[in-house]
Structure formats: C-alpha cells, structure tokens
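Trainee: Structure in structure tokens, see below.
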Amino acid sequence: MPSRLRFGEDDFLRCRFAVSPLWETQEVVRTLKRPERQGYHAHWLRRIRTAAAGLDLTPLWLLMPRRGHSPDWLCPPPTGPVTGFEEEIAAVRASDPEAAREDTARSLADSPGALESPRGRAWMADPERMIRELSDSMEEVWHTLVEPDWPRLRALLEADVAFHSRRLAEVGLGGLLPEINRRCGWSAGTLTVEWRGEHERNLEGQGLVLMPSVFSWPDLVSSFDPPWQPTLVYPARGIGGLWAEPADRTSDTLVRLLGRGRSAVLTALDEPATTTALAHRLGLAPSSVSAHLTVLRGAGLLTARRYGHQVLYERTPLGIALAAGG
C-alpha cells in the first residue's frame, strides 16, 4: 500500500539533505538482528563480531518490531546537514518523558507481549529512567561499533548527498525522487512511496528531509509522525564497495603506470571523498594523500569541488576509464 506525502508551494523551498550518525547507530542495531540486511556488510560484521557480542542490545531490539512502529523520539530527524552524534544524543536525552512514554507504548504494542513484559512495565512506570537507559545503550553502540568507522561511513554518505544535490539542480525534485529509489513515484506535487502500510500526510510548509543511510538497505523509511519534520531515508549509493580494501583491487598495470600510492588513491574514489576520508581508508598520512591528489588532479584524472567546509575529490571520465581499465 502506498504512503503519500503532499507538497505545497512552501515545501519545495524547505527540502534539504542531511546525514545522521545517530540514525546509522540505530540501523546498525537493526541490521545485527536482521540477516536479510547483512549481505553488503559481511566483512564488517566479521570484524565487529566480538565487540557486538559484548553489548546488550535486547532493550533496543524490543523497540524494533518486524512490522510496526519504532519510537521517533529515540532517533529523530537531524536538525542540520551533518549533525554530530554528541548533539543528537543530547537531544534524545532531553526528550519529554510523557511524549517518549506514549511513543514507546505504541512501539511496544506492535510486539506481542512486550508492553506487559517486566521491562515494558518498568519503562511505562518510569519514562525518565527509560530515556536514560536507552540513551546509554545507543551511546555505547555508537562508541563501540560505529564511531571507529564513521570517517568512512560519513564520506560515503556525503558523497551521496553531493551526487543527488547535483541531480536536484539538473532535474528538479520531481525528477530526483524517483531516481533515489524505485519505490518512489511523483505526480502532481505528491510523493508516493510503495510501503507496507498506508499513510498520508500534508507537509504543511515543513518540507522534506532527504537522508541517505548505509545500514538501512534495502529498506526505505518514508516518514516521521508529527511533530517531527517529514523525512525520507533511502539506501546510499556505493555501499557495495564500502568495506572493500581499495589496495586489493589495484592492478599491477595501474601500479606500474601511476605508482602504488597514486593508483590506490584513484581506485579508492568509487565515490567522491575528502583527503581525510581517503587517508583513513587507505591507512596513509593525509599529507601523502594530498600530494597524490594534486598529481592526479593535474593529470586530469580527478576534479575537486567544495561541499560546505570540505573539498571532495572525484574521478573524471578519464580517471574512471583508467581505473576500470586497470
């Protein structure tokens, strides 16, 4: 059944992209429980298996029914384009207890027996304690499983935003939304999302947050309930190569032509990335990566453009052909 979001004139002016470390943290927890989500992340899952086993994820899993509502207060839409985890989790800790209690009760009701379980009853009786417990759990997951890889994850998410921002300028919102995901349709100012349940909402001047996600794949999340800003969370581009080690894909021919360092940098740029992200990904000093980028750009293999306070590098058609041919 479809979910429909209806746009008014002011909504077109208030659409924005965002990246959320808090959202990725929540979706990591969900991915660990759902094998059908794990295909692209097998390498990462093997690496974090021991660390994940040391976490008690049961309370968070209780609020992630297979079909049903997950509490919006625990992972609200980000307020800025790239909000830090500390700022996001601080907002969660400041949640209104009664609103959080009502939102959580709705989620627990979608899992048979959860509302009457000892934990469910304890949360309903003391929502302030519930907020502390769940916030602590999310923060532990962030520091243990997500933060170590955040530079790589953030680089991919920001590359997706950069790509789709260009497409927005080229084809407009009505052309972009069906491109973002095949389950999205656009007609007469209405976004239609093929979804498991029927939902309709007038945006009423709030606009729409478009948020790429690494760990949400293959799911598409089509909205948050009031008072949260409507949000469309979609699988980010390029996750198929996220955990691959670029050096493993660099051919001997490319190494002989460019040198090992420059060939590794060129091969790593399947998606636009910053100097810092490439250095982290390749295990090289930022100064070395910067020098390689300068040479590759001078040779016409890369272009550079500014995105906020950062500079993103991406391959030119010649660079793409060379990396593929190598």
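Lettering and numbering for the structure tokens are positional, with chains as A, B, ... in the shown order, residues counted from 1 in each chain, and ligands counted from 1 in the shown order.
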Return as CSV the residues of region 74-140 of chain A lying at most 12 Å from region 208-213 of chain A, together with the closest atom-to-atom pair for each and the distance in Å to one decimal, counting only C-alpha atoms, with rows in chain order and ascending residue number.

Mentor:
```
residue,atom,partner,partner_atom,distance
A:Pro76,CA,A:Val209,CA,11.3
A:Pro77,CA,A:Val209,CA,7.7
A:Pro78,CA,A:Val209,CA,8.6
A:Thr79,CA,A:Val209,CA,9.4
A:Gly80,CA,A:Val209,CA,9.8
A:Pro81,CA,A:Met211,CA,9.2
A:Val82,CA,A:Met211,CA,10.4
```

Trainee: To one decimal in Å, tell me the separation between CA of Arg201 (chain A) and CA of Ser20 (chain A).

Mentor: 23.1 Å

Trainee: At a cut-off of 8 Å, can you tabulate as JSON lines every residue of region 198-262 of chain A near region 139-160 of chain A together with its closest atom pair and the distance in Å to one decimal, using only C-alpha atoms and ordering rows by chain then number?

Mentor:
```
{"residue": "A:Pro212", "atom": "CA", "partner": "A:Leu157", "partner_atom": "CA", "distance": 6.2}
{"residue": "A:Ser213", "atom": "CA", "partner": "A:Leu157", "partner_atom": "CA", "distance": 6.9}
{"residue": "A:Val214", "atom": "CA", "partner": "A:Leu153", "partner_atom": "CA", "distance": 7.3}
{"residue": "A:Ala236", "atom": "CA", "partner": "A:Asp160", "partner_atom": "CA", "distance": 6.1}
{"residue": "A:Arg237", "atom": "CA", "partner": "A:Asp160", "partner_atom": "CA", "distance": 5.9}
{"residue": "A:Gly238", "atom": "CA", "partner": "A:Leu156", "partner_atom": "CA", "distance": 7.2}
{"residue": "A:Ile239", "atom": "CA", "partner": "A:Leu156", "partner_atom": "CA", "distance": 7.8}
{"residue": "A:Leu242", "atom": "CA", "partner": "A:Leu156", "partner_atom": "CA", "distance": 7.7}
```

Trainee: Write to file, as a PDB file, in the first residue's frame, the residues of the selection just made, with N, CA and C atoms.

Mentor:
```pdb
ATOM      1  N   PRO A 212      20.342   9.902   3.177  1.00  0.00           N
ATOM      2  CA  PRO A 212      20.917   8.610   2.790  1.00  0.00           C
ATOM      3  C   PRO A 212      21.355   7.825   4.013  1.00  0.00           C
ATOM      4  N   SER A 213      21.340   6.499   3.890  1.00  0.00           N
ATOM      5  CA  SER A 213      21.737   5.649   5.012  1.00  0.00           C
ATOM      6  C   SER A 213      22.514   4.450   4.479  1.00  0.00           C
ATOM      7  N   VAL A 214      23.552   4.073   5.194  1.00  0.00           N
ATOM      8  CA  VAL A 214      24.333   2.889   4.855  1.00  0.00           C
ATOM      9  C   VAL A 214      23.631   1.630   5.331  1.00  0.00           C
ATOM     10  N   ALA A 236      21.992   4.508   0.622  1.00  0.00           N
ATOM     11  CA  ALA A 236      23.001   5.340  -0.030  1.00  0.00           C
ATOM     12  C   ALA A 236      23.616   4.625  -1.219  1.00  0.00           C
ATOM     13  N   ARG A 237      24.101   5.406  -2.174  1.00  0.00           N
ATOM     14  CA  ARG A 237      24.822   4.857  -3.317  1.00  0.00           C
ATOM     15  C   ARG A 237      26.191   4.348  -2.875  1.00  0.00           C
ATOM     16  N   GLY A 238      26.658   3.269  -3.522  1.00  0.00           N
ATOM     17  CA  GLY A 238      28.038   2.836  -3.339  1.00  0.00           C
ATOM     18  C   GLY A 238      28.303   1.920  -2.174  1.00  0.00           C
ATOM     19  N   ILE A 239      27.248   1.412  -1.504  1.00  0.00           N
ATOM     20  CA  ILE A 239      27.528   0.592  -0.321  1.00  0.00           C
ATOM     21  C   ILE A 239      28.114  -0.766  -0.697  1.00  0.00           C
ATOM     22  N   LEU A 242      31.725  -0.509   0.013  1.00  0.00           N
ATOM     23  CA  LEU A 242      32.076   0.235   1.222  1.00  0.00           C
ATOM     24  C   LEU A 242      33.190  -0.411   2.019  1.00  0.00           C
TER      25      LEU A 242
END
```

Trainee: I'd like to know which of A:Pro2, A:Ser70, A:Glu88, A:Met138 is closest to Asp56 (chain A), using only C-alpha atoms.

Mentor: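 Answer, going by the shortest atom-to-atom distance: A:Met138.
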
Trainee: Give the answer as one residue: which of A:Leu296, A:Ala122, A:Leu74, A:Leu63 has the shortest atom-to-atom distance to Ala100 (chain A), using only C-alpha atoms?

Mentor: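 Closest to Ala100 (chain A) of all the choices is A:Leu74.
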
Trainee: As JSON, numbers by chain, please: every residue in region 80-304 of chain A that DSSP puts in alpha helix (DSSP H).

Mentor: {"A": [85, 86, 87, 88, 89, 90, 91, 92, 93, 97, 98, 99, 100, 101, 102, 103, 104, 105, 106, 107, 108, 118, 119, 120, 121, 122, 123, 124, 125, 127, 128, 129, 130, 131, 132, 133, 134, 135, 136, 137, 138, 139, 140, 141, 150, 151, 152, 153, 154, 155, 156, 157, 158, 159, 160, 161, 162, 163, 164, 165, 166, 167, 168, 169, 170, 171, 172, 173, 174, 175, 176, 177, 178, 179, 180, 252, 253, 254, 255, 256, 257, 258, 260, 261, 262, 263, 264, 265, 266, 267, 268, 275, 276, 277, 278, 279, 280, 281, 282, 286, 287, 288, 289, 290, 291, 292, 293, 294, 295, 296, 297, 298]}

Trainee: At what distance in Å, to one decimal, does CA of Ile320 (chain A) lie from CA of Leu257 (chain A)?

Mentor: 15.0 Å

Trainee: Compile the contact shell of Asp219 (chain A) as a PDB file with C-alpha atoms, in the first residue's frame: residues with an atom at most 9 Å away, counting only C-alpha atoms, same-chain residues fewer than 2 positions apart removed.

Mentor:
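Once written, result37.pdb looks like this:
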```pdb
ATOM      1  CA  ARG A  37      20.165  -6.761   5.690  1.00  0.00           C
ATOM      2  CA  SER A 216      19.036   0.916   6.196  1.00  0.00           C
ATOM      3  CA  TRP A 217      19.487  -1.067   2.960  1.00  0.00           C
ATOM      4  CA  VAL A 221      11.689   4.765   5.543  1.00  0.00           C
ATOM      5  CA  VAL A 233      15.523   7.707   4.469  1.00  0.00           C
ATOM      6  CA  TYR A 234      16.914   5.819   1.487  1.00  0.00           C
ATOM      7  CA  PRO A 235      19.850   3.417   0.856  1.00  0.00           C
TER       8      PRO A 235
END
```

Trainee: Just give me the gap between CA of Ser107 (chain A) and CA of His69 (chain A) in Å, one decimal is fine.

Mentor: 4.9 Å

Trainee: For Leu302 (chain A), which of A:Ser187, A:Ser111, A:Thr316, A:Ser117 is the closest residue, counting only C-alpha atoms?

Mentor: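 When distances to Leu302 (chain A) are compared using only C-alpha atoms, the smallest one comes from A:Thr316.
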
Trainee: Looking at A:Trp186, A:Tyr40, A:Trp23, A:Phe7, which one is nearest to Ile89 (chain A), with distances taken over only C-alpha atoms?

Mentor: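 Looking only at the distances to Ile89 (chain A), the closest residue turns out to be A:Trp23.
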
Trainee: So which residues touch region 165-181 of chain A within 9 Å, counting only C-alpha atoms, skipping near sequence neighbours fewer than 2 positions away, as a PDB file with N, CA and C atoms, in the first residue's frame?

Mentor:
```
ATOM      1  N   PHE A  12       8.582  23.056  -1.232  1.00  0.00           N
ATOM      2  CA  PHE A  12       9.677  22.925  -2.186  1.00  0.00           C
ATOM      3  C   PHE A  12      10.889  23.734  -1.736  1.00  0.00           C
ATOM      4  N   CYS A  15      12.983  21.692   1.403  1.00  0.00           N
ATOM      5  CA  CYS A  15      13.550  20.353   1.274  1.00  0.00           C
ATOM      6  C   CYS A  15      15.065  20.442   1.452  1.00  0.00           C
ATOM      7  N   PHE A  17      18.920  17.975   2.408  1.00  0.00           N
ATOM      8  CA  PHE A  17      19.613  16.718   2.656  1.00  0.00           C
ATOM      9  C   PHE A  17      20.244  16.753   4.044  1.00  0.00           C
ATOM     10  N   ASP A 160      27.034  10.698  -1.449  1.00  0.00           N
ATOM     11  CA  ASP A 160      25.669  10.512  -1.939  1.00  0.00           C
ATOM     12  C   ASP A 160      24.926  11.847  -1.968  1.00  0.00           C
ATOM     13  N   VAL A 161      25.055  12.621  -0.903  1.00  0.00           N
ATOM     14  CA  VAL A 161      24.386  13.923  -0.851  1.00  0.00           C
ATOM     15  C   VAL A 161      24.891  14.828  -1.965  1.00  0.00           C
ATOM     16  N   ALA A 162      26.204  14.833  -2.197  1.00  0.00           N
ATOM     17  CA  ALA A 162      26.764  15.672  -3.257  1.00  0.00           C
ATOM     18  C   ALA A 162      26.218  15.265  -4.622  1.00  0.00           C
ATOM     19  N   PHE A 163      26.162  13.963  -4.870  1.00  0.00           N
ATOM     20  CA  PHE A 163      25.655  13.472  -6.149  1.00  0.00           C
ATOM     21  C   PHE A 163      24.192  13.868  -6.348  1.00  0.00           C
ATOM     22  N   ARG A 183      11.002   2.666  -5.539  1.00  0.00           N
ATOM     23  CA  ARG A 183       9.685   2.613  -4.898  1.00  0.00           C
ATOM     24  C   ARG A 183       9.050   3.987  -4.755  1.00  0.00           C
ATOM     25  N   CYS A 184       9.771   5.029  -5.181  1.00  0.00           N
ATOM     26  CA  CYS A 184       9.251   6.395  -5.106  1.00  0.00           C
ATOM     27  C   CYS A 184       8.618   6.788  -6.429  1.00  0.00           C
ATOM     28  N   GLY A 185       7.465   7.422  -6.339  1.00  0.00           N
ATOM     29  CA  GLY A 185       6.807   7.972  -7.510  1.00  0.00           C
ATOM     30  C   GLY A 185       6.431   9.421  -7.263  1.00  0.00           C
ATOM     31  N   TRP A 186       6.289  10.184  -8.332  1.00  0.00           N
ATOM     32  CA  TRP A 186       5.983  11.603  -8.183  1.00  0.00           C
ATOM     33  C   TRP A 186       4.902  11.991  -9.187  1.00  0.00           C
ATOM     34  N   SER A 187       3.860  12.643  -8.712  1.00  0.00           N
ATOM     35  CA  SER A 187       2.799  13.101  -9.594  1.00  0.00           C
ATOM     36  C   SER A 187       2.048  14.246  -8.934  1.00  0.00           C
ATOM     37  N   ALA A 188       1.941  15.353  -9.654  1.00  0.00           N
ATOM     38  CA  ALA A 188       1.109  16.489  -9.222  1.00  0.00           C
ATOM     39  C   ALA A 188       1.416  16.935  -7.795  1.00  0.00           C
ATOM     40  N   GLY A 189       2.704  17.062  -7.482  1.00  0.00           N
ATOM     41  CA  GLY A 189       3.087  17.553  -6.172  1.00  0.00           C
ATOM     42  C   GLY A 189       2.935  16.571  -5.040  1.00  0.00           C
ATOM     43  N   THR A 190       2.820  15.281  -5.347  1.00  0.00           N
ATOM     44  CA  THR A 190       2.670  14.250  -4.317  1.00  0.00           C
ATOM     45  C   THR A 190       3.742  13.181  -4.498  1.00  0.00           C
ATOM     46  N   LEU A 191       4.483  12.927  -3.421  1.00  0.00           N
ATOM     47  CA  LEU A 191       5.441  11.823  -3.400  1.00  0.00           C
ATOM     48  C   LEU A 191       4.708  10.576  -2.925  1.00  0.00           C
ATOM     49  N   LEU A 220      13.318   1.385   2.811  1.00  0.00           N
ATOM     50  CA  LEU A 220      13.049   2.792   2.571  1.00  0.00           C
ATOM     51  C   LEU A 220      12.109   3.244   3.677  1.00  0.00           C
ATOM     52  N   TYR A 234      16.748   6.719   2.629  1.00  0.00           N
ATOM     53  CA  TYR A 234      16.914   5.819   1.487  1.00  0.00           C
ATOM     54  C   TYR A 234      18.325   5.215   1.498  1.00  0.00           C
ATOM     55  N   PRO A 235      18.520   4.035   0.892  1.00  0.00           N
ATOM     56  CA  PRO A 235      19.850   3.417   0.856  1.00  0.00           C
ATOM     57  C   PRO A 235      20.834   4.265   0.050  1.00  0.00           C
ATOM     58  N   ALA A 236      21.992   4.508   0.622  1.00  0.00           N
ATOM     59  CA  ALA A 236      23.001   5.340  -0.030  1.00  0.00           C
ATOM     60  C   ALA A 236      23.616   4.625  -1.219  1.00  0.00           C
TER      61      ALA A 236
END
```

Trainee: In region 8-122 of chain A, what's strand (DSSP E or B) per DSSP? Answer as a PyMOL selection string?

Mentor: chain A and resi 16-17+19+82
